[in-house]
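Trainee: To be precise about what I am sending: the file is called input-v4.tsv and holds TSV, C-alpha atoms.
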chain	number	residue	atom	x	y	z
O	1	GLN	CA	-7.39	-10.98	23.55
O	2	ALA	CA	-8.77	-12.20	20.24
O	3	PHE	CA	-7.35	-15.67	20.86
O	4	PHE	CA	-8.96	-16.05	24.28
O	5	ALA	CA	-12.23	-14.56	23.02
O	6	VAL	CA	-12.44	-17.35	20.45
O	7	PHE	CA	-10.64	-20.31	22.04
O	8	GLY	CA	-10.67	-19.47	25.76
O	9	PRO	CA	-13.06	-22.17	27.06
O	10	THR	CA	-11.26	-24.91	25.14
O	11	LEU	CA	-8.07	-24.35	27.16
O	12	PHE	CA	-9.71	-25.86	30.22
O	13	GLY	CA	-10.77	-29.47	30.70
O	14	LEU	CA	-13.18	-31.15	33.10
O	15	SER	CA	-11.80	-32.99	36.11
O	16	PRO	CA	-12.48	-36.75	36.20
O	17	PRO	CA	-15.79	-37.45	38.01
O	18	ARG	CA	-15.41	-38.27	41.71
O	19	ARG	CA	-17.04	-41.30	43.29
O	20	PRO	CA	-19.48	-40.47	46.08
O	21	ARG	CA	-18.43	-41.21	49.69
O	22	GLY	CA	-19.39	-44.62	51.00
O	23	ALA	CA	-19.68	-46.15	47.53
O	24	PRO	CA	-18.38	-49.74	47.32
O	25	PRO	CA	-14.94	-50.10	45.75
O	26	LEU	CA	-14.74	-51.04	42.10
O	27	PRO	CA	-13.57	-54.51	41.16
O	28	ARG	CA	-9.91	-54.70	40.16
O	29	GLY	CA	-10.67	-55.12	36.43
O	30	GLU	CA	-13.08	-52.18	36.37
O	31	MET	CA	-10.52	-50.04	38.25
O	32	ARG	CA	-7.94	-50.68	35.53
O	33	THR	CA	-10.47	-49.86	32.79
O	34	SER	CA	-11.54	-46.67	34.58
O	35	LYS	CA	-7.90	-45.64	35.12
O	36	LYS	CA	-7.05	-46.15	31.44
O	37	LYS	CA	-10.11	-44.12	30.43
O	38	GLU	CA	-9.13	-41.28	32.76
O	39	ASP	CA	-5.54	-41.34	31.45
O	40	SER	CA	-6.80	-41.26	27.86
O	41	GLU	CA	-9.12	-38.32	28.57
O	42	THR	CA	-6.40	-36.45	30.45
O	43	SER	CA	-3.92	-37.08	27.64
O	44	GLY	CA	-6.41	-35.84	25.05
O	45	LEU	CA	-7.14	-32.69	27.04
O	46	SER	CA	-3.41	-32.02	27.51
O	47	ALA	CA	-2.78	-32.40	23.78
O	48	THR	CA	-5.67	-30.03	23.03
O	49	ARG	CA	-4.39	-27.46	25.52
O	50	GLN	CA	-0.87	-27.73	24.12
O	51	ARG	CA	-2.16	-27.28	20.57
O	52	PHE	CA	-3.96	-24.11	21.49
O	53	VAL	CA	-0.97	-22.86	23.47
O	54	ASP	CA	1.14	-23.30	20.33
O	55	ILE	CA	-1.50	-21.44	18.29
O	56	SER	CA	-1.52	-18.68	20.91
O	57	ARG	CA	2.23	-18.27	20.69
O	58	SER	CA	2.03	-18.10	16.88
O	59	VAL	CA	-0.72	-15.48	17.06
O	60	LEU	CA	1.28	-13.37	19.51
O	61	PHE	CA	4.36	-13.63	17.28
O	62	ILE	CA	2.41	-12.52	14.21
O	63	GLN	CA	0.82	-9.65	16.14
O	64	ALA	CA	4.24	-8.51	17.39
O	65	ARG	CA	5.72	-8.58	13.90
O	66	PHE	CA	2.71	-6.70	12.52
O	67	ARG	CA	2.96	-4.01	15.21
O	68	HIS	CA	6.70	-3.72	14.61
O	69	ALA	CA	6.27	-3.31	10.83
O	70	LYS	CA	3.44	-0.82	11.30
O	71	THR	CA	5.55	1.23	13.73
O	72	VAL	CA	8.56	1.19	11.40
O	73	PHE	CA	6.61	2.48	8.40
O	74	ARG	CA	4.60	4.95	10.48
O	75	ASP	CA	7.63	6.59	12.10
O	76	PHE	CA	10.58	5.80	9.81
O	77	GLY	CA	8.95	5.05	6.43
O	78	PRO	CA	11.24	7.03	4.10
O	79	SER	CA	14.35	5.59	5.75
O	80	VAL	CA	13.46	2.17	4.35
O	81	PHE	CA	14.18	3.41	0.81
O	82	CYS	CA	17.24	4.81	-0.92
O	83	ASN	CA	18.03	6.45	-4.23
O	84	ARG	CA	19.87	4.79	-7.06
O	85	MET	CA	23.27	5.53	-5.48
O	86	GLY	CA	22.25	3.95	-2.17
O	87	ASP	CA	21.93	7.28	-0.33
O	88	PRO	CA	18.89	8.22	1.79
O	89	CYS	CA	15.99	9.16	-0.46
O	90	ASP	CA	14.71	12.71	-0.79
O	91	HIS	CA	11.19	13.26	0.50
O	92	GLY	CA	8.87	15.87	1.93
O	93	ASP	CA	6.05	18.16	0.84
O	94	ILE	CA	5.62	20.18	-2.33
O	95	VAL	CA	3.59	23.40	-2.09
O	96	PHE	CA	2.14	24.58	-5.41
O	97	LEU	CA	0.94	28.06	-6.41
O	98	SER	CA	-2.62	27.00	-5.51
O	99	ASP	CA	-1.34	26.56	-1.90
O	100	ARG	CA	-2.15	22.88	-2.18
O	101	ALA	CA	0.54	20.64	-0.69
O	102	ALA	CA	1.44	17.19	-1.97
O	103	LYS	CA	3.69	14.47	-0.54
O	104	TYR	CA	6.68	13.28	-2.55
O	105	ILE	CA	9.48	10.75	-2.36
O	106	VAL	CA	12.39	10.06	-4.73
O	107	LEU	CA	13.22	6.36	-4.91
O	108	SER	CA	15.11	3.84	-7.00
O	109	GLU	CA	13.43	2.12	-9.93
O	110	THR	CA	14.23	-1.24	-8.28
O	111	SER	CA	12.35	-0.47	-5.04
O	112	SER	CA	10.23	-3.23	-3.55
O	113	THR	CA	6.54	-2.74	-4.35
O	114	GLY	CA	5.57	-4.57	-1.16
O	115	LEU	CA	7.52	-2.10	0.97
O	116	LEU	CA	6.28	0.77	-1.17
O	117	SER	CA	2.69	-0.29	-0.53
O	118	LYS	CA	3.32	-0.32	3.23
O	119	PHE	CA	4.99	3.09	2.99
O	120	VAL	CA	2.09	4.70	1.10
O	121	GLU	CA	-0.50	3.27	3.47
O	122	GLY	CA	1.52	3.39	6.70
O	123	PHE	CA	3.61	6.57	6.49
O	124	TRP	CA	1.45	8.68	4.18
O	125	GLY	CA	-1.75	7.31	5.70
O	126	VAL	CA	-3.45	6.56	2.39
O	127	SER	CA	-6.20	3.97	2.80
O	128	LYS	CA	-6.17	0.87	0.62
O	129	PRO	CA	-8.18	1.59	-2.54
O	130	GLU	CA	-11.34	-0.22	-3.54
O	131	VAL	CA	-10.37	0.26	-7.18
O	132	LEU	CA	-7.33	1.55	-9.10
O	133	ILE	CA	-8.11	4.02	-11.87
O	134	SER	CA	-4.92	4.04	-13.92
O	135	VAL	CA	-4.90	6.90	-16.43
O	136	THR	CA	-2.37	6.96	-19.23
O	137	GLY	CA	-2.06	8.77	-22.52
O	138	GLY	CA	-0.27	11.48	-24.43
O	139	ALA	CA	2.23	13.74	-22.68
O	140	ARG	CA	1.75	16.48	-25.26
O	141	ASP	CA	-0.89	19.09	-24.59
O	142	PHE	CA	-4.10	18.63	-26.50
O	143	GLU	CA	-7.58	20.08	-26.38
O	144	LEU	CA	-10.88	18.25	-26.07
O	145	SER	CA	-14.11	19.76	-27.28
O	146	PRO	CA	-16.03	21.41	-24.41
O	147	PRO	CA	-18.75	18.71	-24.27
O	148	LEU	CA	-16.16	15.91	-24.32
O	149	ALA	CA	-14.02	17.65	-21.69
O	150	ARG	CA	-17.00	18.08	-19.38
O	151	ALA	CA	-18.03	14.45	-19.85
O	152	PHE	CA	-14.49	13.23	-19.16
O	153	LYS	CA	-14.05	15.31	-16.01
O	154	SER	CA	-17.45	14.58	-14.51
O	155	GLY	CA	-17.19	10.88	-15.31
O	156	LEU	CA	-13.72	10.58	-13.79
O	157	VAL	CA	-14.67	12.46	-10.63
O	158	GLU	CA	-17.87	10.47	-10.16
O	159	ALA	CA	-16.11	7.13	-10.70
O	160	ALA	CA	-13.30	7.96	-8.26
O	161	THR	CA	-15.63	9.34	-5.59
O	162	SER	CA	-18.23	6.58	-5.69
O	163	SER	CA	-15.63	3.80	-5.64
O	164	ARG	CA	-13.26	5.33	-3.06
O	165	GLY	CA	-10.37	4.49	-5.37
O	166	TRP	CA	-6.97	5.83	-6.28
O	167	ILE	CA	-6.28	7.75	-9.46
O	168	VAL	CA	-2.81	6.98	-10.79
O	169	THR	CA	-1.20	9.06	-13.57
O	170	GLY	CA	2.21	10.09	-14.88
O	171	GLY	CA	2.08	13.14	-12.59
O	172	THR	CA	3.39	15.84	-14.95
O	173	ASP	CA	1.70	19.10	-15.92
O	174	THR	CA	1.25	18.05	-19.54
O	175	GLY	CA	-1.21	16.13	-21.67
O	176	VAL	CA	-3.69	13.78	-20.06
O	177	MET	CA	-1.91	14.06	-16.67
O	178	LYS	CA	-2.64	17.78	-16.61
O	179	LEU	CA	-6.22	17.15	-17.72
O	180	VAL	CA	-6.80	14.70	-14.87
O	181	GLY	CA	-4.98	16.75	-12.22
O	182	ASP	CA	-6.77	19.98	-13.11
O	183	ALA	CA	-10.14	18.20	-13.10
O	184	CYS	CA	-9.48	16.81	-9.61
O	185	LEU	CA	-8.31	20.21	-8.35
O	186	GLU	CA	-11.33	22.04	-9.72
O	187	SER	CA	-13.70	19.45	-8.27
O	188	HIS	CA	-11.99	19.50	-4.83
O	189	LEU	CA	-11.73	15.74	-5.08
O	190	SER	CA	-10.83	14.09	-1.79
O	191	VAL	CA	-9.47	10.80	-3.16
O	192	PRO	CA	-5.71	10.19	-3.59
O	193	VAL	CA	-4.34	11.28	-6.96
O	194	ILE	CA	-0.91	9.66	-7.23
O	195	GLY	CA	1.59	10.76	-9.85
O	196	ILE	CA	4.41	8.34	-10.75
O	197	ALA	CA	6.94	10.32	-12.76
O	198	PRO	CA	10.59	10.00	-13.87
O	199	TYR	CA	12.76	12.00	-11.50
O	200	GLY	CA	15.32	12.76	-14.22
O	201	ALA	CA	12.66	14.39	-16.42
O	202	THR	CA	11.00	16.36	-13.59
O	203	ASN	CA	11.67	20.07	-13.98
O	204	GLY	CA	12.81	21.68	-10.74
O	205	ASN	CA	14.00	18.40	-9.24
O	206	ASP	CA	16.99	20.24	-7.75
O	207	LYS	CA	14.54	21.87	-5.32
O	208	LEU	CA	13.55	18.46	-3.94
O	209	ALA	CA	16.92	17.47	-2.45
O	210	GLY	CA	16.86	16.64	1.27
O	211	GLN	CA	14.73	14.87	3.83
O	212	PHE	CA	11.50	16.15	5.39
O	213	ARG	CA	11.63	19.16	3.06
O	214	ARG	CA	8.79	21.61	2.46
O	215	VAL	CA	9.39	22.89	-1.04
O	216	VAL	CA	7.63	25.88	-2.59
O	217	TYR	CA	7.34	24.72	-6.19
O	218	THR	CA	7.62	27.97	-8.16
O	219	ASN	CA	9.83	29.37	-10.95
O	220	VAL	CA	10.02	25.95	-12.57
O	221	PRO	CA	10.91	25.66	-16.30
O	222	SER	CA	8.05	25.08	-18.72
O	223	PRO	CA	7.49	21.66	-20.35
O	224	SER	CA	9.92	20.63	-23.09
O	225	LYS	CA	11.33	17.46	-24.61
O	226	ASP	CA	13.84	17.31	-21.76
O	227	GLY	CA	11.36	17.50	-18.91
O	228	ALA	CA	8.12	18.80	-17.44
O	229	PRO	CA	6.94	20.24	-14.13
O	230	LEU	CA	4.70	18.35	-11.74
O	231	ASN	CA	0.96	18.98	-11.76
O	232	GLY	CA	-0.56	20.66	-8.70
O	233	GLY	CA	-3.78	18.64	-8.82
O	234	HIS	CA	-2.03	15.53	-7.50
O	235	THR	CA	-1.84	14.62	-3.81
O	236	HIS	CA	1.21	12.32	-3.83
O	237	PHE	CA	4.25	11.81	-6.06
O	238	LEU	CA	6.51	8.80	-6.50
O	239	LEU	CA	9.53	10.10	-8.43
O	240	VAL	CA	11.48	7.23	-9.96
O	241	ASP	CA	15.25	7.68	-10.12
O	242	SER	CA	16.83	5.62	-12.91
O	243	GLY	CA	20.09	7.58	-13.11
O	244	LEU	CA	19.08	9.08	-16.46
O	245	ALA	CA	18.26	12.75	-16.99
O	246	GLY	CA	16.40	14.80	-19.58
O	247	ARG	CA	14.65	13.15	-22.50
O	248	GLY	CA	16.43	9.86	-21.81
O	249	ALA	CA	14.52	9.54	-18.53
O	250	TRP	CA	11.06	9.48	-20.11
O	251	GLY	CA	9.45	6.08	-19.65
O	252	THR	CA	11.86	4.86	-16.95
O	253	GLU	CA	9.03	5.02	-14.41
O	254	ILE	CA	6.73	2.65	-16.32
O	255	LYS	CA	8.01	-0.64	-14.90
O	256	LEU	CA	7.81	0.47	-11.25
O	257	ARG	CA	4.34	1.88	-11.84
O	258	SER	CA	3.23	-1.37	-13.45
O	259	ARG	CA	4.74	-3.47	-10.65
O	260	LEU	CA	3.01	-1.37	-7.99
O	261	GLU	CA	-0.37	-1.55	-9.70
O	262	ASN	CA	0.02	-5.29	-10.27
O	263	PHE	CA	0.90	-5.74	-6.59
O	264	TYR	CA	-2.43	-4.24	-5.57
O	265	VAL	CA	-4.30	-6.24	-8.20
O	266	GLU	CA	-2.66	-9.62	-7.55
O	267	ARG	CA	-1.72	-9.47	-3.87
O	268	LYS	CA	-4.45	-7.24	-2.44
O	269	GLY	CA	-7.30	-8.12	-4.77
O	270	VAL	CA	-7.94	-4.55	-5.93
O	271	PRO	CA	-9.62	-4.29	-9.36
O	272	ARG	CA	-7.99	-1.97	-11.90
O	273	VAL	CA	-9.46	0.16	-14.65
O	274	VAL	CA	-7.03	1.45	-17.30
O	275	LEU	CA	-8.18	4.66	-18.96
O	276	VAL	CA	-6.32	5.57	-22.16
O	277	VAL	CA	-6.57	9.07	-23.64
O	278	ASN	CA	-4.48	9.80	-26.73
O	279	GLY	CA	-0.82	8.77	-26.53
O	280	GLY	CA	2.03	7.13	-28.38
O	281	PRO	CA	4.60	4.30	-27.91
O	282	GLY	CA	5.01	5.05	-24.18
O	283	THR	CA	1.26	4.76	-23.70
O	284	MET	CA	1.20	1.43	-25.50
O	285	GLU	CA	4.02	0.15	-23.28
O	286	THR	CA	2.07	1.17	-20.16
O	287	VAL	CA	-1.04	-0.61	-21.44
O	288	LEU	CA	1.00	-3.70	-22.34
O	289	GLU	CA	2.59	-3.84	-18.86
O	290	ALA	CA	-0.88	-3.55	-17.30
O	291	ALA	CA	-2.24	-6.35	-19.49
O	292	ARG	CA	0.55	-8.69	-18.45
Would you write out, as structure tokens, the structure that this file holds?

Mentor:
Amino acid sequence: QAFFAVFGPTLFGLSPPRRPRGAPPLPRGEMRTSKKKEDSETSGLSATRQRFVDISRSVLFIQARFRHAKTVFRDFGPSVFCNRMGDPCDHGDIVFLSDRAAKYIVLSETSSTGLLSKFVEGFWGVSKPEVLISVTGGARDFELSPPLARAFKSGLVEAATSSRGWIVTGGTDTGVMKLVGDACLESHLSVPVIGIAPYGATNGNDKLAGQFRRVVYTNVPSPSKDGAPLNGGHTHFLLVDSGLAGRGAWGTEIKLRSRLENFYVERKGVPRVVLVVNGGPGTMETVLEAAR
């Protein structure tokens, strides 16, 4: 439809002009010249029509592939991914004590960011962001002075709402991730808050096994050096499975997070703002990956 709306009239050529009845015949030389001119015009029109027919076929092919990809990710999105062992990935919904539900998927650290982008937008239905607000910082709990905490929360909420962006954090219920998640929950923020966390250091990850699960996320161990629970202020979780567990899993999600953010920046032209609050070596690595 789009092709014919734009190029439709050009597919049709004008017929050669007819001589009126009773007109004297053309001399032999003029007849040859007229015939050559008609052949040239007809040939040119045929070439033009053929060119647009080829374009039409290409457009139809691209549209078919696009519809096929969109259908695959809309209906079978999680099946495109697997865990580190090659088995179907775990995915579903997490229900927190606040009765807020969040989507989650457990996937390999080597997953394609292009496919992951299509999954997030196609299967989860998250619109492409106008800006990425990437928040990183300390995983240990800390306290901000009341004025500073209010300024941080109101500024973050206003920036995310006005820009229709995504907020991306480490996803756990500790440190700056907890600060951001709680601020979004208290403000009833409607923008996506995506947590990218290491699966091996996620407390209660045994509850997440299976496909299309609806998990009530309660009775989960408190934060420790070996792991932390997920924060209920987030709307989506990408849990990165590196094969490591406990304290050895911390930081294994950084490269996938960086690759996904860079995909949106470089391939989709989405600007990124990196917000750093407190932190240590892991924070510096995240900032370094973003700068690259």

Trainee: Tell me, as an NGL selection string, which residues lie within 12 Å of stretch 277-285 of chain O, counting only C-alpha atoms; anything in the same chain fewer than 5 positions away does not count.

Mentor: :O and (134-144 or 148-149 or 152 or 169-170 or 174-180 or 249-255 or 257-258 or 290-292)

Trainee: May I ask for the distance between atom CA of O:Val168 and atom CA of O:Ile194, given in Å to one decimal place?

Mentor: 4.8 Å

Trainee: By how many Å are atom CA of O:Val215 and atom CA of O:Gly246 apart?

Mentor: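 Calculated distance between atom CA of O:Val215 and atom CA of O:Gly246 is 21.4 Å.
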
Trainee: Would you pick out the contacts of O:Leu244 at 12 Å or less, using only C-alpha atoms, so that residues sharing its chain but fewer than 2 positions from it are not included, and give the list as an NGL selection string?

Mentor: :O and (84 or 108-109 or 198-202 or 226-227 or 240-242 or 246-253)

Trainee: May I have the residues within 12 Å of O:Arg267 as a PyMOL selection string, using only C-alpha atoms and disregarding those fewer than 6 positions away in the same chain?

Mentor: chain O and resi 113-114+117+259-261

Trainee: To one decimal place in Å, what is the distance between atom CA of O:Tyr217 and atom CA of O:Asn231?

Mentor: 10.2 Å

Trainee: As a ChimeraX atom specification, please: the residues near O:Pro129 (cut-off 8 Å, all atoms listed in the file, same-chain neighbours under 2 positions excluded).

Mentor: /O:127,131-132,164-166,270

Trainee: For O:Lys103, which residue out of O:Val273, O:Ile196, O:Leu115, O:Leu288 is the nearest one, using only C-alpha atoms?

Mentor: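 Nearest to O:Lys103: O:Ile196.
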
Trainee: Rank nothing, just name the residue among O:Leu189, O:Ile94, O:Val126, O:Ala160 nearest to O:Gly232, using only C-alpha atoms.

Mentor: O:Ile94

Trainee: Of the candidates O:Pro223, O:Gly233, O:Gly125, O:Gly204, which one gets nearest to O:Ser187 if we count all atoms listed in the file?

Mentor: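 Closest to O:Ser187, using all atoms listed in the file: O:Gly233.
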
Trainee: Could the centre and edge lengths of an axis-aligned box, enclosing all atoms of stretch 241-255 of chain O in the file with 5 Å extra on each side, be given in Å to one decimal as JSON?

Mentor:
{"center_x": 13.4, "center_y": 7.1, "center_z": -16.3, "size_x": 23.4, "size_y": 25.4, "size_z": 22.4}

Trainee: If we count only C-alpha atoms and set the cut-off at 9 Å, which residues sit around stretch 210-212 of chain O, ignoring sequence neighbours fewer than 3 positions away in its own chain? Please answer as an mmCIF file with C-alpha atoms, keeping the file's coordinate frame.

Mentor:
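Everything below was put into result.cif:
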data_model
loop_
_atom_site.group_PDB
_atom_site.id
_atom_site.type_symbol
_atom_site.label_atom_id
_atom_site.label_comp_id
_atom_site.auth_asym_id
_atom_site.auth_seq_id
_atom_site.Cartn_x
_atom_site.Cartn_y
_atom_site.Cartn_z
ATOM 1 C CA PRO O 78 11.240 7.030 4.100
ATOM 2 C CA PRO O 88 18.890 8.220 1.790
ATOM 3 C CA CYS O 89 15.990 9.160 -0.460
ATOM 4 C CA ASP O 90 14.710 12.710 -0.790
ATOM 5 C CA HIS O 91 11.190 13.260 0.500
ATOM 6 C CA GLY O 92 8.870 15.870 1.930
ATOM 7 C CA ASP O 93 6.050 18.160 0.840
ATOM 8 C CA LYS O 207 14.540 21.870 -5.320
#

Trainee: Looking at O:Ser145, O:Glu186, O:Val191, O:Asp54, which one is nearest to O:Thr161, with distances taken over only C-alpha atoms?

Mentor: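 Of all the options, O:Val191 lies closest to O:Thr161.
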